[in-house]
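Okay, upload.tsv now, which holds TSV, C-alpha atoms:
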chain	number	residue	atom	x	y	z
A	1	MET	CA	9.58	9.21	-23.58
A	2	HIS	CA	12.34	11.28	-21.99
A	3	ILE	CA	15.79	9.90	-22.74
A	4	SER	CA	18.48	11.41	-20.58
A	5	SER	CA	21.65	12.01	-22.54
A	6	SER	CA	23.59	12.42	-19.32
A	7	SER	CA	23.43	8.82	-18.10
A	8	PRO	CA	26.02	7.52	-15.61
A	9	ALA	CA	27.70	5.76	-18.53
A	10	SER	CA	28.23	8.96	-20.49
A	11	GLN	CA	29.36	10.93	-17.43
A	12	SER	CA	31.94	8.40	-16.27
A	13	SER	CA	35.64	8.76	-16.85
A	14	SER	CA	37.90	5.93	-17.89
A	15	SER	CA	39.08	5.42	-14.31
A	16	TRP	CA	36.05	3.37	-13.21
A	17	LEU	CA	36.54	0.97	-16.09
A	18	PHE	CA	40.14	0.30	-15.11
A	19	GLY	CA	38.95	-1.21	-11.85
A	20	ILE	CA	36.53	-3.51	-13.64
A	21	VAL	CA	38.82	-4.80	-16.35
A	22	LEU	CA	42.00	-5.02	-14.29
A	23	GLY	CA	43.41	-8.40	-15.09
A	24	ARG	CA	41.18	-8.82	-18.12
A	25	SER	CA	42.60	-11.53	-20.33
A	26	ASP	CA	43.59	-10.73	-23.89
A	27	LYS	CA	41.77	-12.21	-26.85
A	28	ALA	CA	44.08	-15.18	-27.10
A	29	ALA	CA	43.60	-16.06	-23.45
A	30	SER	CA	39.86	-15.62	-23.69
A	31	SER	CA	39.64	-18.95	-25.46
A	32	LYS	CA	40.30	-20.51	-22.06
A	33	MET	CA	36.72	-19.72	-21.08
A	34	ALA	CA	35.85	-23.09	-22.59
A	35	ASN	CA	37.09	-24.56	-19.32
A	36	ASN	CA	34.05	-23.24	-17.44
A	37	SER	CA	31.45	-23.02	-20.18
A	38	ARG	CA	29.79	-25.65	-22.31
A	39	ALA	CA	28.43	-25.45	-25.83
A	40	ILE	CA	24.95	-26.95	-25.75
A	41	ASP	CA	24.75	-28.12	-29.34
A	42	GLY	CA	28.35	-29.03	-30.21
A	43	PRO	CA	31.27	-26.99	-31.54
A	44	SER	CA	29.17	-25.22	-34.18
A	45	SER	CA	26.67	-23.87	-31.63
A	46	SER	CA	28.40	-20.48	-31.42
A	47	SER	CA	28.03	-19.90	-35.14
A	48	SER	CA	25.41	-17.30	-35.91
A	49	SER	CA	24.59	-19.07	-39.18
A	50	VAL	CA	22.64	-21.80	-37.41
A	51	GLY	CA	20.58	-19.40	-35.29
A	52	PRO	CA	19.73	-19.43	-31.58
A	53	VAL	CA	16.67	-21.73	-31.76
A	54	ASN	CA	17.00	-25.32	-32.93
A	55	ARG	CA	13.29	-26.17	-32.82
A	56	LYS	CA	10.30	-25.27	-30.66
A	57	LYS	CA	11.44	-24.82	-27.05
A	58	GLN	CA	14.99	-25.86	-27.90
A	59	PHE	CA	17.65	-23.15	-27.66
A	60	ARG	CA	21.16	-23.41	-29.06
A	61	GLY	CA	23.91	-21.59	-27.18
A	62	VAL	CA	26.47	-21.70	-24.39
A	63	LEU	CA	25.89	-22.67	-20.77
A	64	PHE	CA	28.43	-21.12	-18.42
A	65	LYS	CA	29.24	-20.44	-14.77
A	66	TYR	CA	29.42	-16.76	-13.81
A	67	GLY	CA	30.00	-17.15	-10.06
A	68	PRO	CA	31.17	-19.65	-7.43
A	69	LYS	CA	27.76	-20.91	-6.22
A	70	PRO	CA	26.30	-24.02	-7.89
A	71	ILE	CA	23.19	-22.08	-8.91
A	72	GLN	CA	25.17	-19.29	-10.59
A	73	VAL	CA	24.74	-20.54	-14.14
A	74	ALA	CA	23.69	-18.60	-17.23
A	75	PHE	CA	22.74	-19.52	-20.79
A	76	LYS	CA	23.67	-17.35	-23.76
A	77	THR	CA	22.35	-17.49	-27.31
A	78	GLY	CA	24.30	-15.66	-29.97
A	79	ASP	CA	27.97	-14.71	-29.79
A	80	TYR	CA	27.98	-10.92	-29.78
A	81	LYS	CA	29.52	-8.09	-27.77
A	82	GLN	CA	26.17	-6.66	-26.67
A	83	GLN	CA	23.83	-8.66	-24.47
A	84	VAL	CA	20.22	-8.49	-23.35
A	85	ILE	CA	19.98	-10.03	-19.87
A	86	PHE	CA	16.60	-11.50	-18.93
A	87	ILE	CA	15.72	-11.60	-15.21
A	88	GLY	CA	12.66	-13.64	-14.31
A	89	GLY	CA	10.23	-13.39	-11.42
A	90	LEU	CA	9.29	-15.58	-8.46
A	91	THR	CA	9.57	-19.34	-9.25
A	92	ASP	CA	11.17	-18.57	-12.64
A	93	GLY	CA	14.36	-20.01	-14.10
A	94	PHE	CA	15.38	-20.76	-17.68
A	95	LEU	CA	12.74	-20.40	-20.42
A	96	ALA	CA	10.53	-18.40	-18.07
A	97	THR	CA	8.28	-16.74	-20.66
A	98	GLU	CA	6.93	-17.68	-24.07
A	99	TYR	CA	8.41	-14.58	-25.73
A	100	LEU	CA	12.04	-15.54	-25.02
A	101	GLU	CA	12.27	-17.86	-28.01
A	102	PRO	CA	11.24	-15.33	-30.69
A	103	LEU	CA	13.15	-12.63	-28.80
A	104	ALA	CA	16.36	-14.65	-29.11
A	105	VAL	CA	15.82	-14.89	-32.87
A	106	ALA	CA	15.04	-11.18	-33.21
A	107	LEU	CA	18.11	-10.22	-31.18
A	108	GLU	CA	20.30	-12.50	-33.29
A	109	ASN	CA	19.21	-10.56	-36.37
A	110	GLU	CA	20.36	-7.33	-34.70
A	111	LYS	CA	23.69	-8.79	-33.49
A	112	TRP	CA	22.72	-8.98	-29.81
A	113	SER	CA	23.00	-12.01	-27.52
A	114	LEU	CA	20.27	-13.07	-25.11
A	115	VAL	CA	21.46	-14.15	-21.66
A	116	GLN	CA	19.21	-15.99	-19.20
A	117	LEU	CA	20.63	-16.37	-15.71
A	118	LEU	CA	19.89	-18.39	-12.63
A	119	LEU	CA	20.08	-16.60	-9.28
A	120	SER	CA	20.01	-17.97	-5.75
A	121	SER	CA	16.38	-16.80	-5.78
A	122	SER	CA	15.46	-18.75	-8.93
A	123	TYR	CA	12.84	-21.50	-8.88
A	124	SER	CA	12.02	-22.18	-5.19
A	125	GLY	CA	14.92	-20.14	-3.80
A	126	TYR	CA	13.18	-16.77	-3.64
A	127	GLY	CA	11.87	-17.26	-0.11
A	128	THR	CA	15.34	-17.36	1.41
A	129	SER	CA	16.90	-14.71	-0.81
A	130	SER	CA	16.57	-10.93	-1.17
A	131	LEU	CA	16.80	-8.11	-3.69
A	132	LYS	CA	20.22	-7.29	-2.26
A	133	GLN	CA	21.50	-10.79	-2.98
A	134	ASP	CA	19.96	-10.79	-6.46
A	135	ALA	CA	21.67	-7.48	-7.23
A	136	ALA	CA	25.05	-8.77	-6.07
A	137	GLU	CA	24.73	-11.85	-8.29
A	138	LEU	CA	23.54	-9.80	-11.26
A	139	ASP	CA	26.64	-7.64	-10.83
A	140	GLN	CA	28.77	-10.79	-10.93
A	141	LEU	CA	27.18	-11.79	-14.23
A	142	ILE	CA	27.78	-8.39	-15.81
A	143	SER	CA	31.36	-8.45	-14.53
A	144	TYR	CA	31.81	-11.87	-16.16
A	145	LEU	CA	30.45	-10.57	-19.47
A	146	ILE	CA	32.83	-7.61	-19.31
A	147	ASN	CA	35.93	-9.56	-18.38
A	148	LYS	CA	35.37	-12.87	-20.18
A	149	GLU	CA	33.16	-11.92	-23.13
A	150	ASP	CA	34.49	-8.39	-23.86
A	151	SER	CA	30.98	-6.99	-23.48
A	152	GLU	CA	30.35	-3.55	-24.91
A	153	GLY	CA	27.16	-3.01	-22.90
A	154	VAL	CA	24.00	-4.73	-21.70
A	155	VAL	CA	20.25	-4.12	-21.64
A	156	LEU	CA	18.33	-5.52	-18.66
A	157	VAL	CA	14.87	-7.01	-19.19
A	158	GLY	CA	12.97	-7.81	-16.01
A	159	HIS	CA	9.77	-9.86	-15.80
A	160	SER	CA	7.54	-9.48	-12.73
A	161	THR	CA	9.72	-9.52	-9.59
A	162	GLY	CA	12.70	-9.32	-11.93
A	163	CYS	CA	11.67	-5.68	-12.35
A	164	GLN	CA	12.34	-5.15	-8.64
A	165	ASP	CA	15.80	-6.68	-9.11
A	166	ILE	CA	16.60	-4.15	-11.84
A	167	VAL	CA	15.39	-1.16	-9.84
A	168	HIS	CA	17.34	-2.30	-6.78
A	169	TYR	CA	20.48	-3.06	-8.79
A	170	MET	CA	20.53	0.32	-10.47
A	171	ARG	CA	20.20	1.99	-7.07
A	172	THR	CA	23.41	0.29	-5.86
A	173	ASN	CA	25.45	2.28	-8.40
A	174	ALA	CA	27.84	-0.66	-8.59
A	175	ALA	CA	30.70	-0.17	-11.01
A	176	CYS	CA	29.33	-2.72	-13.47
A	177	SER	CA	25.92	-1.02	-13.46
A	178	ARG	CA	27.51	1.60	-15.70
A	179	ALA	CA	27.51	-1.00	-18.45
A	180	VAL	CA	23.69	-1.03	-18.38
A	181	ARG	CA	22.61	0.86	-21.47
A	182	ALA	CA	18.87	0.55	-20.82
A	183	ALA	CA	16.27	-1.24	-18.72
A	184	ILE	CA	12.94	-2.77	-19.71
A	185	LEU	CA	10.39	-3.58	-17.01
A	186	GLN	CA	7.79	-6.11	-18.18
A	187	ALA	CA	4.91	-6.60	-15.73
A	188	PRO	CA	6.16	-4.45	-12.83
A	189	VAL	CA	3.34	-5.34	-10.44
A	190	SER	CA	2.90	-5.20	-6.69
A	191	ASP	CA	3.45	-8.49	-4.87
A	192	ARG	CA	1.96	-6.81	-1.79
A	193	GLU	CA	-1.32	-5.85	-3.45
A	194	TYR	CA	-1.74	-9.34	-4.91
A	195	LYS	CA	-0.89	-11.07	-1.61
A	196	ALA	CA	-3.38	-8.80	0.19
A	197	THR	CA	-6.18	-10.57	-1.71
A	198	LEU	CA	-5.32	-13.86	0.05
A	199	PRO	CA	-6.99	-14.60	3.41
A	200	GLU	CA	-3.89	-15.69	5.32
A	201	THR	CA	-1.71	-12.69	4.47
A	202	ALA	CA	-2.62	-10.25	7.26
A	203	ALA	CA	-1.88	-12.73	10.05
A	204	MET	CA	1.35	-13.81	8.38
A	205	ILE	CA	2.54	-10.20	8.08
A	206	ASP	CA	1.97	-9.76	11.80
A	207	LEU	CA	3.92	-12.93	12.52
A	208	ALA	CA	6.79	-11.87	10.24
A	209	SER	CA	6.95	-8.44	11.90
A	210	THR	CA	7.10	-10.08	15.34
A	211	MET	CA	9.85	-12.48	14.28
A	212	ILE	CA	11.90	-9.62	12.80
A	213	SER	CA	11.51	-7.54	15.97
A	214	GLU	CA	12.80	-10.52	17.96
A	215	GLY	CA	15.88	-10.78	15.76
A	216	ARG	CA	14.61	-13.83	13.90
A	217	GLY	CA	14.25	-12.31	10.44
A	218	SER	CA	16.25	-15.12	8.84
A	219	ASP	CA	14.13	-17.85	10.48
A	220	LEU	CA	11.55	-19.65	8.37
A	221	MET	CA	7.86	-18.83	8.45
A	222	PRO	CA	5.19	-21.58	8.79
A	223	ARG	CA	4.42	-23.53	5.63
A	224	GLU	CA	1.14	-21.62	5.27
A	225	ALA	CA	3.07	-18.47	4.42
A	226	ASP	CA	3.98	-19.78	0.96
A	227	SER	CA	3.22	-23.11	-0.68
A	228	GLU	CA	5.93	-22.76	-3.33
A	229	SER	CA	9.02	-21.96	-1.28
A	230	PRO	CA	10.47	-21.99	2.24
A	231	MET	CA	10.07	-18.36	3.32
A	232	THR	CA	12.06	-16.33	5.84
A	233	ALA	CA	10.31	-13.74	7.95
A	234	TYR	CA	12.39	-11.02	6.29
A	235	ARG	CA	11.46	-12.01	2.73
A	236	TYR	CA	7.81	-12.42	3.55
A	237	HIS	CA	7.74	-8.97	5.12
A	238	SER	CA	9.68	-7.56	2.18
A	239	LEU	CA	7.17	-8.93	-0.33
A	240	CYS	CA	3.93	-8.48	1.58
A	241	ALA	CA	4.23	-5.56	4.00
A	242	TYR	CA	3.53	-1.90	3.26
A	243	MET	CA	6.81	-0.21	2.27
A	244	GLY	CA	8.72	-3.49	2.44
A	245	ASP	CA	11.91	-3.65	0.39
A	246	ASP	CA	10.03	-5.27	-2.52
A	247	ASP	CA	7.14	-2.77	-2.38
A	248	LEU	CA	8.05	-0.66	-5.42
A	249	PHE	CA	5.01	-0.65	-7.71
A	250	SER	CA	1.93	-0.49	-5.46
A	251	SER	CA	-0.96	1.71	-6.56
A	252	ASP	CA	-1.50	3.11	-3.04
A	253	LEU	CA	2.00	4.59	-2.79
A	254	SER	CA	2.01	8.37	-3.14
A	255	ASP	CA	3.75	10.11	-6.01
A	256	ASP	CA	6.52	11.17	-3.63
A	257	GLN	CA	6.95	7.61	-2.36
A	258	LEU	CA	7.15	6.27	-5.92
A	259	LYS	CA	9.67	8.93	-6.89
A	260	THR	CA	11.80	8.10	-3.84
A	261	ARG	CA	11.84	4.44	-4.82
A	262	LEU	CA	12.04	4.75	-8.60
A	263	GLY	CA	13.46	8.20	-9.30
A	264	HIS	CA	17.04	7.03	-9.77
A	265	MET	CA	15.91	5.15	-12.89
A	266	SER	CA	15.69	8.52	-14.66
A	267	ASN	CA	19.46	8.20	-15.24
A	268	THR	CA	18.88	5.16	-17.48
A	269	PRO	CA	16.73	4.87	-20.62
A	270	CYS	CA	13.71	2.85	-19.49
A	271	GLN	CA	10.69	1.18	-21.01
A	272	VAL	CA	7.69	-0.08	-19.01
A	273	ILE	CA	5.60	-2.82	-20.66
A	274	TYR	CA	2.32	-3.18	-18.78
A	275	SER	CA	-0.25	-5.91	-19.36
A	276	MET	CA	-3.72	-4.40	-19.17
A	277	ALA	CA	-5.28	-7.77	-18.23
A	278	ASP	CA	-2.58	-8.83	-15.76
A	279	GLU	CA	-4.13	-11.48	-13.53
A	280	TYR	CA	-1.85	-10.52	-10.62
A	281	VAL	CA	-3.13	-6.95	-10.46
A	282	PRO	CA	-6.29	-6.64	-8.32
A	283	GLU	CA	-9.40	-5.51	-10.19
A	284	TYR	CA	-9.71	-2.33	-8.13
A	285	VAL	CA	-6.39	-1.00	-9.47
A	286	ASP	CA	-6.64	1.58	-12.28
A	287	LYS	CA	-3.93	0.10	-14.49
A	288	LYS	CA	-3.76	3.03	-16.92
A	289	ALA	CA	-3.34	5.53	-14.11
A	290	LEU	CA	-0.79	3.36	-12.33
A	291	VAL	CA	1.50	2.78	-15.31
A	292	GLU	CA	1.40	6.51	-16.03
A	293	ARG	CA	2.47	7.24	-12.46
A	294	LEU	CA	5.24	4.63	-12.56
A	295	CYS	CA	6.68	6.07	-15.77
A	296	ARG	CA	6.49	9.60	-14.39
A	297	ALA	CA	8.26	8.53	-11.18
A	298	MET	CA	11.08	7.13	-13.32
A	299	GLY	CA	11.60	10.48	-15.00
A	300	GLY	CA	9.53	9.84	-18.11
A	301	ALA	CA	10.06	6.18	-18.99
A	302	GLU	CA	8.55	4.95	-22.24
A	303	LYS	CA	5.11	3.42	-21.67
A	304	VAL	CA	3.81	0.41	-23.58
A	305	GLU	CA	0.29	-0.77	-22.72
A	306	ILE	CA	-0.61	-4.20	-24.12
A	307	GLU	CA	-4.37	-4.62	-24.24
A	308	TRP	CA	-5.66	-7.99	-23.03
A	309	GLY	CA	-2.11	-9.07	-22.26
A	310	ASN	CA	-1.70	-11.46	-19.32
A	311	HIS	CA	1.11	-11.33	-16.75
A	312	SER	CA	3.72	-13.20	-18.81
A	313	LEU	CA	2.34	-12.02	-22.17
A	314	SER	CA	1.98	-15.64	-23.28
A	315	ASN	CA	-1.14	-14.50	-25.17
A	316	ARG	CA	0.62	-11.48	-26.75
A	317	VAL	CA	4.05	-12.85	-27.65
A	318	ASP	CA	4.45	-10.94	-30.91
A	319	GLU	CA	3.54	-7.63	-29.29
A	320	ALA	CA	6.01	-8.25	-26.47
A	321	VAL	CA	8.89	-8.97	-28.85
A	322	GLN	CA	8.01	-6.00	-31.05
A	323	ALA	CA	7.97	-3.61	-28.08
A	324	ILE	CA	11.33	-4.83	-26.78
A	325	MET	CA	13.02	-4.84	-30.18
A	326	ASP	CA	11.68	-1.42	-31.16
A	327	PHE	CA	13.19	-0.01	-27.99
A	328	VAL	CA	16.54	-1.77	-28.39
A	329	LYS	CA	16.89	-0.85	-32.07
A	330	ARG	CA	15.79	2.76	-31.64
A	331	GLU	CA	17.95	3.57	-28.64
A	332	GLY	CA	20.94	1.37	-29.25
A	333	PRO	CA	23.62	0.74	-29.95
A	334	ASN	CA	24.19	4.09	-31.68
A	335	GLY	CA	21.77	5.94	-29.43
A	336	TRP	CA	23.96	5.57	-26.33
A	337	ASP	CA	27.54	6.54	-25.67
A	338	ASP	CA	29.87	3.58	-25.62
A	339	PRO	CA	30.28	2.90	-21.89
A	340	TRP	CA	33.88	1.77	-22.42
A	341	ASN	CA	35.08	5.00	-24.02

Can the structure in the file be given as structure tokens, please?
Amino acid sequence: MHISSSSPASQSSSSWLFGIVLGRSDKAASSKMANNSRAIDGPSSSSSSVGPVNRKKQFRGVLFKYGPKPIQVAFKTGDYKQQVIFIGGLTDGFLATEYLEPLAVALENEKWSLVQLLLSSSYSGYGTSSLKQDAAELDQLISYLINKEDSEGVVLVGHSTGCQDIVHYMRTNAACSRAVRAAILQAPVSDREYKATLPETAAMIDLASTMISEGRGSDLMPREADSESPMTAYRYHSLCAYMGDDDLFSSDLSDDQLKTRLGHMSNTPCQVIYSMADEYVPEYVDKKALVERLCRAMGGAEKVEIEWGNHSLSNRVDEAVQAIMDFVKREGPNGWDDPWN
């Protein structure tokens, strides 16, 4: 893996931080955050001595609002200054993958918090949202962690379409993106190549293109376009059309096209975790060749191939947690410059 020592965080001066933390409350005032956050398991829930998992599929932590929309809610286990933010894929929300529970425990042991967030695109909202909107809301969460939780840096973990969110967010070069110490892409697969295996897709792409050309990109597609979510013409085209905004990981993109879309990730330490039995990757795709090309396009990201792993790694939970924790422990916190200094 190639780790760039000249990340945006290490190159930045103190001036950018001033704009982020302007008006930041002092430690005494920070106790007021209780007004818009709720301890899930009583007053003792923030204590690290009780751990982040109460029992199977029961997490202990803090539920809080990070933005003005009703959906903008996040859940944090552990009470530490460094956070791993998990971003799920289409239809996902809280508790999206089986590996989150043991990951929360492993992070607790290393003094990191795990944050799961809800976006406007979570659950059935993805059809009327966009990568741009996801990135804006992710930036709001990181800003909240900086200003309300005194965050010293975050690591982003994306699952499935959550990987697209990370890539898009890091391209925005938003001020808070400088707090991102590393990014982990778990199951970065092509929605377009999977959708192309469905019989209705070609006709629906044509319809979406027509609607967009007529200025109706925000209008809804017919129900046949997606059974899980109301779907705008823009989002359908973004997910399903060649070189749509969501088309970042397709095997038929050239090396130059991949580099154009992913090359900016070379400024951030990255790990790609690829499931070699991912059910959403068509059989004709050479997975080993593709993950190699993706990592190369990102400037030499670390590659982790999980044999027989399915899309969510529900059948390889231990390997998923080990890969993530090895990366976090090896590269941070001492491996990166403190973004606040």

| task | Record the distance separating CA of Asn310 in chain A and CA of Thr197 in chain A, expressed in Å with one decimal. | result | 18.2 Å

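Atom pair CA of Arg293 in chain A / CA of Ser130 in chain A has a distance of 25.6 Å (rounded to one decimal).
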
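Across the structure, CA of Leu248 in chain A and CA of Tyr234 in chain A are spaced 16.2 Å apart.
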
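Residues lying within 10 Å of Glu319 in chain A, counting only C-alpha atoms and ignoring same-chain neighbours fewer than 4 positions away, are A:Tyr99, A:Val304, A:Ile306, A:Glu307, A:Gly309, A:Leu313, A:Asn315, A:Ala323, A:Ile324, A:Met325.
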
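Excluding Ser177 in chain A itself and same-chain residues fewer than 5 positions from it, the residues having an atom within 10 Å of it are Pro8, Ala9, Ala135, Leu138, Asp139, Ile142, Ser143, Gly153, Val154, Ile166, Tyr169, Met170, Arg171 and Thr172 of chain A, counting only C-alpha atoms.
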
| field | Contacts of Gly244 in chain A at 12 Å (all atoms listed in the file; same-chain gap of 3+ positions) as a ChimeraX atom specification | value | /A:130-131,164,190-193,205,208-209,233-241,247-250,253,261

Compile a residue-level contact table for range 86-201 of chain A against range 67-72 of chain A at a cut-off of 7 Å, reporting for every qualifying residue the shortest atom pair and its distance in Å to one decimal, with only C-alpha atoms counted, rows ordered by chain and ascending number, as a tab-separated table.
residue	atom	partner	partner_atom	distance
A:Leu118	CA	A:Gln72	CA	5.7
A:Leu119	CA	A:Gln72	CA	5.9
A:Ser120	CA	A:Ile71	CA	6.1
A:Gln140	CA	A:Gly67	CA	6.5

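In terms of minimum interatomic distance to Glu149 in chain A, A:Val62 ranks closest within A:Val62, A:Met276, A:Val189, A:Cys270, counting only C-alpha atoms.
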
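Shortest atom-to-atom contact with Glu137 in chain A among A:Ile273, A:Ile87, A:Val180, A:Ala187: A:Ile87, counting only C-alpha atoms.
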
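Shell of Asp326 in chain A at 12 Å, with all atoms listed in the file counted and residues fewer than 2 places along the chain excluded, is A:Leu103, A:Ala106, A:Leu107, A:Glu110, A:Ile184, A:Gln271, A:Glu302, A:Val304, A:Asp318, A:Glu319, A:Ala320, A:Val321, A:Gln322, A:Ala323, A:Ile324, A:Val328, A:Lys329, A:Arg330, A:Glu331, A:Gly332.
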
Keeping C-alpha atoms for every residue in the selection just given, could you write it to a file as a PDB file, in the frame of the given file?
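Result file follows (result_1.pdb):
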ATOM      1  CA  LEU A 103      13.150 -12.630 -28.800  1.00  0.00           C
ATOM      2  CA  ALA A 106      15.040 -11.180 -33.210  1.00  0.00           C
ATOM      3  CA  LEU A 107      18.110 -10.220 -31.180  1.00  0.00           C
ATOM      4  CA  GLU A 110      20.360  -7.330 -34.700  1.00  0.00           C
ATOM      5  CA  ILE A 184      12.940  -2.770 -19.710  1.00  0.00           C
ATOM      6  CA  GLN A 271      10.690   1.180 -21.010  1.00  0.00           C
ATOM      7  CA  GLU A 302       8.550   4.950 -22.240  1.00  0.00           C
ATOM      8  CA  VAL A 304       3.810   0.410 -23.580  1.00  0.00           C
ATOM      9  CA  ASP A 318       4.450 -10.940 -30.910  1.00  0.00           C
ATOM     10  CA  GLU A 319       3.540  -7.630 -29.290  1.00  0.00           C
ATOM     11  CA  ALA A 320       6.010  -8.250 -26.470  1.00  0.00           C
ATOM     12  CA  VAL A 321       8.890  -8.970 -28.850  1.00  0.00           C
ATOM     13  CA  GLN A 322       8.010  -6.000 -31.050  1.00  0.00           C
ATOM     14  CA  ALA A 323       7.970  -3.610 -28.080  1.00  0.00           C
ATOM     15  CA  ILE A 324      11.330  -4.830 -26.780  1.00  0.00           C
ATOM     16  CA  VAL A 328      16.540  -1.770 -28.390  1.00  0.00           C
ATOM     17  CA  LYS A 329      16.890  -0.850 -32.070  1.00  0.00           C
ATOM     18  CA  ARG A 330      15.790   2.760 -31.640  1.00  0.00           C
ATOM     19  CA  GLU A 331      17.950   3.570 -28.640  1.00  0.00           C
ATOM     20  CA  GLY A 332      20.940   1.370 -29.250  1.00  0.00           C
TER      21      GLY A 332
END

For range 79-166 of chain A versus range 215-218 of chain A, which residues have an atom no more than 12 Å away, and what is each residue's nearest atom pair and distance in Å rounded to one decimal, using all atoms listed in the file, chain-then-number order, as a Markdown table?
| residue | atom | partner | partner_atom | distance |
| --- | --- | --- | --- | --- |
| A:Gly127 | CA | A:Ser218 | CA | 10.2 |
| A:Thr128 | CA | A:Ser218 | CA | 7.8 |
| A:Ser129 | CA | A:Ser218 | CA | 9.7 |
| A:Ser130 | CA | A:Ser218 | CA | 10.9 |

Selected residues, C-alpha atoms, written as an mmCIF file, in the coordinates of the input, please.
data_model
loop_
_atom_site.group_PDB
_atom_site.id
_atom_site.type_symbol
_atom_site.label_atom_id
_atom_site.label_comp_id
_atom_site.auth_asym_id
_atom_site.auth_seq_id
_atom_site.Cartn_x
_atom_site.Cartn_y
_atom_site.Cartn_z
ATOM 1 C CA GLY A 127 11.870 -17.260 -0.110
ATOM 2 C CA THR A 128 15.340 -17.360 1.410
ATOM 3 C CA SER A 129 16.900 -14.710 -0.810
ATOM 4 C CA SER A 130 16.570 -10.930 -1.170
#

| Which residues come within 6 Å of Leu114 in chain A, counting all atoms listed in the file, excluding same-chain residues fewer than 5 positions away, as a ChimeraX atom specification? | /A:76-77,83-84,104

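Compared by their closest atoms to Thr97 in chain A, and using all atoms listed in the file, the residues A:Ala74, A:Ile212, A:Val157, A:Ala203 rank with A:Val157 nearest.
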
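With all atoms listed in the file as the atoms that count, the minimum distance from Lys132 in chain A to the choices A:Asp219, A:Pro282, A:Thr232, A:Asp245 is reached by A:Asp245.
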
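Proximity to Glu279 in chain A was assessed for A:Thr260, A:Tyr194, A:Asp206, A:Cys295 counting all atoms listed in the file; the smallest distance is recorded for A:Tyr194.
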
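Considering the residues A:Gly299, A:Gly162, A:Gly125, A:Pro199 and counting all atoms listed in the file, Asp255 in chain A has its shortest atom-to-atom contact with A:Gly299.
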